[in-house]
Structures are given as C-alpha cells and as structure tokens.
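See below for target-v7.pdb, which holds PDB, C-alpha atoms.
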ATOM      1  CA  MET Y   1      14.720 -55.682 -30.152
ATOM      2  CA  THR Y   2      15.339 -56.182 -26.436
ATOM      3  CA  VAL Y   3      12.428 -56.981 -24.114
ATOM      4  CA  LEU Y   4      12.416 -56.801 -20.313
ATOM      5  CA  VAL Y   5      10.040 -59.526 -19.086
ATOM      6  CA  VAL Y   6       8.942 -59.134 -15.469
ATOM      7  CA  GLU Y   7       7.181 -62.363 -14.482
ATOM      8  CA  ASP Y   8       7.568 -64.545 -11.373
ATOM      9  CA  ASP Y   9       5.859 -67.678 -12.705
ATOM     10  CA  GLU Y  10       8.724 -69.838 -13.992
ATOM     11  CA  ILE Y  11       6.517 -71.856 -16.343
ATOM     12  CA  ILE Y  12       5.070 -68.744 -17.980
ATOM     13  CA  LEU Y  13       8.491 -67.114 -18.038
ATOM     14  CA  ASP Y  14      10.148 -70.068 -19.759
ATOM     15  CA  SER Y  15       7.373 -70.180 -22.361
ATOM     16  CA  LEU Y  16       7.628 -66.435 -22.963
ATOM     17  CA  ARG Y  17      11.393 -66.524 -23.275
ATOM     18  CA  TYR Y  18      11.259 -69.384 -25.771
ATOM     19  CA  SER Y  19       8.563 -67.774 -27.931
ATOM     20  CA  LEU Y  20      10.135 -64.318 -27.907
ATOM     21  CA  VAL Y  21      13.597 -65.598 -28.807
ATOM     22  CA  GLN Y  22      12.086 -67.534 -31.698
ATOM     23  CA  ALA Y  23      10.375 -64.326 -32.804
ATOM     24  CA  GLY Y  24      13.720 -62.534 -32.935
ATOM     25  CA  TYR Y  25      13.684 -60.697 -29.621
ATOM     26  CA  THR Y  26      16.454 -60.541 -27.035
ATOM     27  CA  VAL Y  27      15.016 -61.283 -23.588
ATOM     28  CA  THR Y  28      16.049 -60.055 -20.151
ATOM     29  CA  ALA Y  29      13.984 -61.694 -17.385
ATOM     30  CA  ALA Y  30      13.192 -60.454 -13.887
ATOM     31  CA  GLY Y  31      11.115 -62.329 -11.329
ATOM     32  CA  SER Y  32      10.439 -59.535  -8.872
ATOM     33  CA  VAL Y  33      10.074 -55.781  -8.487
ATOM     34  CA  ALA Y  34      13.576 -55.563  -7.032
ATOM     35  CA  GLU Y  35      15.159 -57.429  -9.954
ATOM     36  CA  ALA Y  36      13.272 -55.344 -12.499
ATOM     37  CA  LEU Y  37      14.329 -52.059 -10.854
ATOM     38  CA  ALA Y  38      17.924 -53.282 -10.709
ATOM     39  CA  PHE Y  39      17.922 -53.943 -14.458
ATOM     40  CA  LEU Y  40      16.363 -50.550 -15.133
ATOM     41  CA  ASP Y  41      18.964 -48.817 -12.946
ATOM     42  CA  THR Y  42      21.740 -50.185 -15.166
ATOM     43  CA  GLY Y  43      20.447 -48.035 -18.011
ATOM     44  CA  ALA Y  44      20.150 -51.038 -20.340
ATOM     45  CA  PRO Y  45      18.492 -50.021 -23.641
ATOM     46  CA  PHE Y  46      15.199 -51.931 -23.535
ATOM     47  CA  ASP Y  47      12.694 -51.524 -26.376
ATOM     48  CA  LEU Y  48       9.659 -52.918 -24.537
ATOM     49  CA  CYS Y  49       8.638 -54.154 -21.107
ATOM     50  CA  LEU Y  50       6.256 -57.081 -20.543
ATOM     51  CA  LEU Y  51       5.064 -56.519 -17.000
ATOM     52  CA  ASP Y  52       3.134 -58.870 -14.728
ATOM     53  CA  ILE Y  53       0.998 -57.128 -12.112
ATOM     54  CA  ARG Y  54       1.269 -59.604  -9.266
ATOM     55  CA  LEU Y  55       4.862 -60.033  -8.114
ATOM     56  CA  PRO Y  56       6.239 -61.620  -4.919
ATOM     57  CA  ASP Y  57       7.660 -58.392  -3.460
ATOM     58  CA  GLY Y  58       5.117 -55.881  -4.713
ATOM     59  CA  SER Y  59       3.275 -55.127  -7.930
ATOM     60  CA  GLY Y  60       4.013 -54.299 -11.526
ATOM     61  CA  PHE Y  61       2.559 -50.851 -10.905
ATOM     62  CA  GLN Y  62       5.690 -49.985  -8.913
ATOM     63  CA  VAL Y  63       7.861 -50.957 -11.870
ATOM     64  CA  CYS Y  64       5.616 -48.991 -14.208
ATOM     65  CA  ASP Y  65       5.893 -45.903 -12.004
ATOM     66  CA  ALA Y  66       9.686 -46.215 -11.986
ATOM     67  CA  ILE Y  67       9.785 -46.504 -15.770
ATOM     68  CA  ARG Y  68       7.430 -43.584 -16.341
ATOM     69  CA  ALA Y  69       9.465 -41.395 -14.002
ATOM     70  CA  LYS Y  70      12.404 -41.691 -16.405
ATOM     71  CA  SER Y  71      11.245 -42.725 -19.862
ATOM     72  CA  SER Y  72       8.461 -43.489 -22.325
ATOM     73  CA  LEU Y  73       9.526 -47.134 -22.686
ATOM     74  CA  PRO Y  74       6.520 -49.054 -24.076
ATOM     75  CA  ILE Y  75       4.855 -51.193 -21.395
ATOM     76  CA  LEU Y  76       2.524 -54.119 -22.039
ATOM     77  CA  PHE Y  77       0.902 -55.476 -18.883
ATOM     78  CA  LEU Y  78       0.133 -59.152 -18.306
ATOM     79  CA  THR Y  79      -3.145 -59.307 -16.375
ATOM     80  CA  ALA Y  80      -5.494 -61.923 -14.937
ATOM     81  CA  CYS Y  81      -8.442 -62.333 -17.312
ATOM     82  CA  ASP Y  82     -11.042 -61.595 -14.574
ATOM     83  CA  ASP Y  83      -9.182 -58.704 -12.946
ATOM     84  CA  GLU Y  84     -10.963 -55.703 -14.497
ATOM     85  CA  VAL Y  85      -9.876 -53.253 -11.799
ATOM     86  CA  SER Y  86      -6.194 -54.065 -12.309
ATOM     87  CA  THR Y  87      -6.580 -53.851 -16.084
ATOM     88  CA  VAL Y  88      -8.038 -50.350 -15.877
ATOM     89  CA  ARG Y  89      -5.381 -49.298 -13.390
ATOM     90  CA  ALA Y  90      -2.655 -50.701 -15.647
ATOM     91  CA  LEU Y  91      -3.710 -48.387 -18.456
ATOM     92  CA  GLU Y  92      -4.262 -45.385 -16.172
ATOM     93  CA  THR Y  93      -0.841 -45.874 -14.569
ATOM     94  CA  GLY Y  94       0.919 -45.577 -17.901
ATOM     95  CA  GLY Y  95       0.688 -48.950 -19.587
ATOM     96  CA  ASP Y  96       0.395 -48.892 -23.367
ATOM     97  CA  ASP Y  97      -1.643 -52.091 -23.618
ATOM     98  CA  TYR Y  98      -2.398 -55.337 -21.813
ATOM     99  CA  VAL Y  99      -2.818 -59.033 -22.532
ATOM    100  CA  SER Y 100      -5.052 -61.196 -20.360
ATOM    101  CA  LYS Y 101      -3.812 -64.515 -19.010
ATOM    102  CA  PRO Y 102      -3.936 -67.134 -20.317
ATOM    103  CA  PHE Y 103      -2.885 -65.615 -23.628
ATOM    104  CA  ARG Y 104      -1.966 -66.966 -27.048
ATOM    105  CA  VAL Y 105       1.513 -66.322 -28.376
ATOM    106  CA  ARG Y 106       0.149 -64.979 -31.661
ATOM    107  CA  GLU Y 107      -1.975 -62.407 -29.847
ATOM    108  CA  LEU Y 108       0.913 -61.377 -27.613
ATOM    109  CA  LEU Y 109       3.293 -60.898 -30.552
ATOM    110  CA  ALA Y 110       0.660 -58.931 -32.457
ATOM    111  CA  ARG Y 111       0.052 -56.618 -29.519
ATOM    112  CA  MET Y 112       3.776 -56.178 -28.963
ATOM    113  CA  GLY Y 113       4.242 -55.251 -32.608
ATOM    114  CA  ALA Y 114       1.362 -52.764 -32.445
ATOM    115  CA  VAL Y 115       2.768 -51.091 -29.323
ATOM    116  CA  LEU Y 116       6.239 -50.857 -30.845
ATOM    117  CA  ARG Y 117       4.879 -49.374 -34.064
ATOM    118  CA  ARG Y 118       2.847 -46.774 -32.179
ATOM    119  CA  SER Y 119       5.918 -45.818 -30.181
ATOM    120  CA  GLY Y 120       7.983 -45.484 -33.349
ATOM    121  CA  THR Y 121      10.422 -48.134 -32.132
ATOM    122  CA  GLN Y 122       9.536 -50.664 -34.771
ATOM    123  CA  SER Y 123       8.497 -49.840 -38.313
ATOM    124  CA  GLU Y 124       8.421 -53.386 -39.660
ATOM    125  CA  PRO Y 125       7.050 -56.567 -38.071
ATOM    126  CA  VAL Y 126       9.478 -59.014 -36.536
ATOM    127  CA  THR Y 127       7.324 -62.020 -37.333
ATOM    128  CA  ALA Y 128       4.486 -63.035 -39.601
ATOM    129  CA  MET Y 129       2.006 -65.874 -39.228
ATOM    130  CA  VAL Y 130       1.064 -68.171 -42.101
ATOM    131  CA  GLY Y 131      -1.543 -70.543 -40.760
ATOM    132  CA  GLU Y 132       0.114 -72.174 -37.761
ATOM    133  CA  ASN Y 133       3.581 -71.255 -39.009
ATOM    134  CA  GLN Y 134       5.542 -68.449 -37.395
ATOM    135  CA  VAL Y 135       7.932 -66.757 -39.825
ATOM    136  CA  ASN Y 136      10.847 -64.974 -38.176
ATOM    137  CA  LEU Y 137      11.676 -62.184 -40.616
ATOM    138  CA  GLN Y 138      14.950 -61.376 -38.855
ATOM    139  CA  THR Y 139      16.483 -64.841 -38.791
ATOM    140  CA  GLY Y 140      14.791 -66.185 -41.911
ATOM    141  CA  LYS Y 141      13.459 -69.229 -40.067
ATOM    142  CA  VAL Y 142       9.985 -70.745 -39.871
ATOM    143  CA  TYR Y 143       8.512 -72.559 -36.864
ATOM    144  CA  ARG Y 144       5.343 -74.546 -36.221
ATOM    145  CA  GLU Y 145       4.433 -75.725 -32.732
ATOM    146  CA  GLY Y 146       7.963 -75.025 -31.553
ATOM    147  CA  GLN Y 147       9.630 -77.062 -34.286
ATOM    148  CA  GLU Y 148      11.566 -75.508 -37.149
ATOM    149  CA  VAL Y 149      10.115 -75.959 -40.630
ATOM    150  CA  VAL Y 150      13.212 -76.256 -42.804
ATOM    151  CA  LEU Y 151      12.911 -74.369 -46.097
ATOM    152  CA  THR Y 152      15.424 -74.091 -48.893
ATOM    153  CA  ALA Y 153      16.644 -70.618 -49.812
ATOM    154  CA  MET Y 154      14.342 -70.478 -52.835
ATOM    155  CA  GLU Y 155      11.334 -71.770 -50.895
ATOM    156  CA  TYR Y 156      11.881 -69.066 -48.294
ATOM    157  CA  LYS Y 157      12.261 -66.419 -50.978
ATOM    158  CA  LEU Y 158       9.002 -67.576 -52.545
ATOM    159  CA  LEU Y 159       7.341 -67.358 -49.131
ATOM    160  CA  LEU Y 160       8.558 -63.771 -48.759
ATOM    161  CA  VAL Y 161       7.083 -62.881 -52.153
ATOM    162  CA  PHE Y 162       3.718 -64.215 -50.983
ATOM    163  CA  LEU Y 163       3.968 -62.426 -47.626
ATOM    164  CA  LYS Y 164       4.813 -59.123 -49.288
ATOM    165  CA  ASN Y 165       1.672 -59.457 -51.412
ATOM    166  CA  ARG Y 166      -0.544 -61.253 -48.938
ATOM    167  CA  GLY Y 167      -4.159 -61.556 -50.035
ATOM    168  CA  GLN Y 168      -3.340 -60.408 -53.555
ATOM    169  CA  LEU Y 169      -3.617 -62.580 -56.616
ATOM    170  CA  LEU Y 170      -0.183 -62.909 -58.215
ATOM    171  CA  SER Y 171       0.236 -64.117 -61.759
ATOM    172  CA  ARG Y 172       2.919 -66.695 -62.406
ATOM    173  CA  SER Y 173       4.893 -64.119 -64.374
ATOM    174  CA  GLN Y 174       4.766 -61.652 -61.450
ATOM    175  CA  ILE Y 175       6.179 -64.300 -59.143
ATOM    176  CA  LEU Y 176       8.813 -65.427 -61.622
ATOM    177  CA  ASN Y 177      10.046 -61.869 -62.053
ATOM    178  CA  GLN Y 178      10.933 -61.794 -58.359
ATOM    179  CA  LEU Y 179      12.593 -65.198 -58.140
ATOM    180  CA  TRP Y 180      16.227 -65.455 -59.110
ATOM    181  CA  ASP Y 181      18.593 -68.067 -57.783
ATOM    182  CA  ALA Y 182      21.933 -67.268 -56.182
ATOM    183  CA  ALA Y 183      23.742 -67.481 -59.532
ATOM    184  CA  GLY Y 184      21.327 -65.081 -61.181
ATOM    185  CA  ALA Y 185      19.685 -67.740 -63.358
ATOM    186  CA  TYR Y 186      16.014 -67.256 -64.118
ATOM    187  CA  VAL Y 187      13.539 -69.597 -62.444
ATOM    188  CA  ASN Y 188      11.350 -71.123 -65.144
ATOM    189  CA  ASP Y 189       7.637 -71.842 -65.083
ATOM    190  CA  ASN Y 190       7.962 -75.572 -64.432
ATOM    191  CA  THR Y 191      10.358 -74.992 -61.540
ATOM    192  CA  LEU Y 192       7.924 -72.521 -59.970
ATOM    193  CA  THR Y 193       5.248 -75.225 -59.910
ATOM    194  CA  VAL Y 194       7.621 -77.513 -58.016
ATOM    195  CA  TYR Y 195       8.564 -74.797 -55.501
ATOM    196  CA  VAL Y 196       4.928 -73.942 -54.798
ATOM    197  CA  LYS Y 197       4.099 -77.629 -54.290
ATOM    198  CA  ARG Y 198       6.977 -78.122 -51.854
ATOM    199  CA  LEU Y 199       6.199 -74.932 -49.944
ATOM    200  CA  ARG Y 200       2.568 -75.974 -49.579
ATOM    201  CA  GLU Y 201       3.572 -79.360 -48.209
ATOM    202  CA  LYS Y 202       5.956 -77.852 -45.673
ATOM    203  CA  LEU Y 203       3.540 -75.175 -44.443
ATOM    204  CA  GLY Y 204       0.760 -77.712 -43.942
ATOM    205  CA  GLY Y 205      -2.855 -76.680 -43.730
ATOM    206  CA  GLY Y 206      -3.837 -79.174 -46.385
ATOM    207  CA  GLY Y 207      -2.425 -76.941 -49.095
ATOM    208  CA  ALA Y 208      -5.093 -74.285 -48.455
ATOM    209  CA  LEU Y 209      -2.656 -71.568 -47.352
ATOM    210  CA  ILE Y 210      -1.433 -70.967 -50.899
ATOM    211  CA  GLN Y 211      -4.464 -70.901 -53.153
ATOM    212  CA  THR Y 212      -4.333 -71.653 -56.866
ATOM    213  CA  VAL Y 213      -6.404 -69.499 -59.212
ATOM    214  CA  ARG Y 214      -6.527 -71.664 -62.307
ATOM    215  CA  GLY Y 215      -5.052 -70.081 -65.401
ATOM    216  CA  ILE Y 216      -3.734 -67.035 -63.503
ATOM    217  CA  GLY Y 217      -1.516 -67.731 -60.522
ATOM    218  CA  TYR Y 218      -1.506 -67.958 -56.729
ATOM    219  CA  ARG Y 219      -2.650 -66.122 -53.622
ATOM    220  CA  LEU Y 220      -1.526 -66.447 -49.986
ATOM    221  CA  SER Y 221      -4.518 -66.548 -47.655
TER     222      SER Y 221
END
Please rewrite the model in this file as structure tokens.
Amino acid sequence: MTVLVVEDDEIILDSLRYSLVQAGYTVTAAGSVAEALAFLDTGAPFDLCLLDIRLPDGSGFQVCDAIRAKSSLPILFLTACDDEVSTVRALETGGDDYVSKPFRVRELLARMGAVLRRSGTQSEPVTAMVGENQVNLQTGKVYREGQEVVLTAMEYKLLLVFLKNRGQLLSRSQILNQLWDAAGAYVNDNTLTVYVKRLREKLGGGGALIQTVRGIGYRLS
C-alpha cells in the first residue's frame, strides 16, 4: 500500500512516515501543494492520500480538487481539532474522512484501514493492535512504543491464532491443532504452556492480554 502524505510540518511528517512504514505502508511525502501536484502528475499509483489543509503555498483543498478531477483516490484529511468549518468543507470537497490534530497513531491507522476497505482497495487489515503492541501483518513484526518486540516463529504463529479468534475462548486442543513447527512435528500440551507464558511476558500488560480460563483454554482480550 502506497500513501501520499501531504504535510508541511517536518516533525509531524517524520512521525507519520515512521509510523506508516512500521505499519507496512510505502510513503511518498510532499510538503506543499506544488510538490503534491507534481507527484500526482507523474501518475504514480497511490492507494491513499493523507492531506493536511494548511500548506505554505495554498491549501489541501486544491490538492483534493486536483485528485477528484481525475480519480476516486481515497483522501483522509488532517485537520485542526477546533477548525469545524474546514472539517465540514473537507468532507464536502470530496474527502472520505478526517483526523483531528493532535491525533493518535492507532486512531489514524484505524481510520485509514476503514477508508481503504470502503473503497475496496484493502480487504484485510495491515496492522492489528494487542494492548500497546502494534502487529504488522505484512512484515510479521511486532512493535511497542517504536521498539520491536522480538518473537520467535512459534510465538508469532501463536499470536496469529489468537488474533484470528480474538475475543473467543479457545480450548487448548483448538490451539494445538493450529500449531505445527517448521518440521511438521506436533506441539504438545506442555510446550503450549511455555509458549503462552513467553508471549504474555513479551506483550506486556501484566499478562492480562491473554486471559486464562481455567480448565478450558485461553482468550485474547
């Protein structure tokens, strides 16, 4: 997924670029209306545009108009939290959604995913959140507060089993049926206990993210 980010604030831009790359997106950045239009004129295949309204040589509405004149590229505006007039105009101009500044990365990624799903560009999420951990489903990596949480292959596979069945109570046998090591050997009951313990420790949250239902199995909150 390739995102065109139009934002002139270098601090916000650097933070956005870092978070989006971690989430599995490819980022093209523009700091002005002119730069954004130049990228669009190249015909580059963008999947989404994150568009700031206030730019040094004009406004994001000009970029939005240029996009809507040629395509239905999903547009998510970045707006000032107290700028109601601009927010309404952003949606009336052709924006698909907006996020108010200052925004949280989790909210931004969720809104991006929703816009992409509505547009038919993305059928599956790029990331998933487990507590404060961001799981990149494309790269198979997990991050918390910008730092990678290193999981073994089996720990990551166990995490995927929980994510696929999030909120559901899974018996130990249901989990075991989905866990096979690289050589095809069956993971036994005692080994599962060890994997769950290690995964809990690495994900943090005091062990509350993966709940134990005594005598039955586990559930991811």
Here's the selection I'm unsure about, the PyMOL selection byres ((chain Y and resi 94-108) around 6); applied to the file above, which residues does it give, as a list in words?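 For this structure, the PyMOL selection byres ((chain Y and resi 94-108) around 6) captures Ile75, Leu76, Phe77, Leu78, Thr79, Ala80, Cys81, Ala90, Leu91, Glu92, Thr93, Leu109, Ala110 and Arg111 of chain Y.
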Point out the residue among Y:Asn165, Y:Ser171, Y:Thr28, Y:Gln22 with the least atom-to-atom distance to Leu51 in chain Y, counting all atoms listed in the file.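 Counting all atoms listed in the file, the residue closest to Leu51 in chain Y is Y:Thr28.
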Contacts of Val196 in chain Y at 12 Å or less, counting all atoms listed in the file, minus same-chain residues fewer than 4 places along, as a PyMOL selection string? chain Y and resi 151+154-159+161-162+172+175-176+189-192+200-203+207-212+217-220
Which residue is closest to Leu170 in chain Y? Choose from Y:Arg198, Y:Arg89, Y:Arg214, Y:Arg17 and count only C-alpha atoms. Y:Arg214
Once the PyMOL selection byres ((chain Y and resi 47) around 7) has been applied to the shown file, what residues remain in the selection, as a PyMOL selection string? chain Y and resi 1-3+45-46+48+73
Since I can't run it myself right now, could you work out what the PyMOL selection byres ((chain Y and resi 62) around 12) selects here and report it as a PyMOL selection string? chain Y and resi 6+32-34+36-37+51-55+57-61+63-69+89-90+93-95
Can you tell me, as lines of an AutoDock Vina configuration file, the centre and edge lengths (Å, one decimal) of the axis-aligned box enclosing all of range 170-174 of chain Y's listed atoms after padding each side by 5 Å?
center_x = 2.4
center_y = -64.2
center_z = -61.3
size_x = 15.1
size_y = 15.0
size_z = 16.2
Polymer residues at most 12 Å from Thr127 in chain Y, all atoms listed in the file, same-chain spacing of 2 or more positions, as a ChimeraX atom specification: /Y:19-25,105-113,122,124-125,129-130,133-143,160,163
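Across the structure, CA of Val213 in chain Y and CA of Asn188 in chain Y are spaced 18.8 Å apart.
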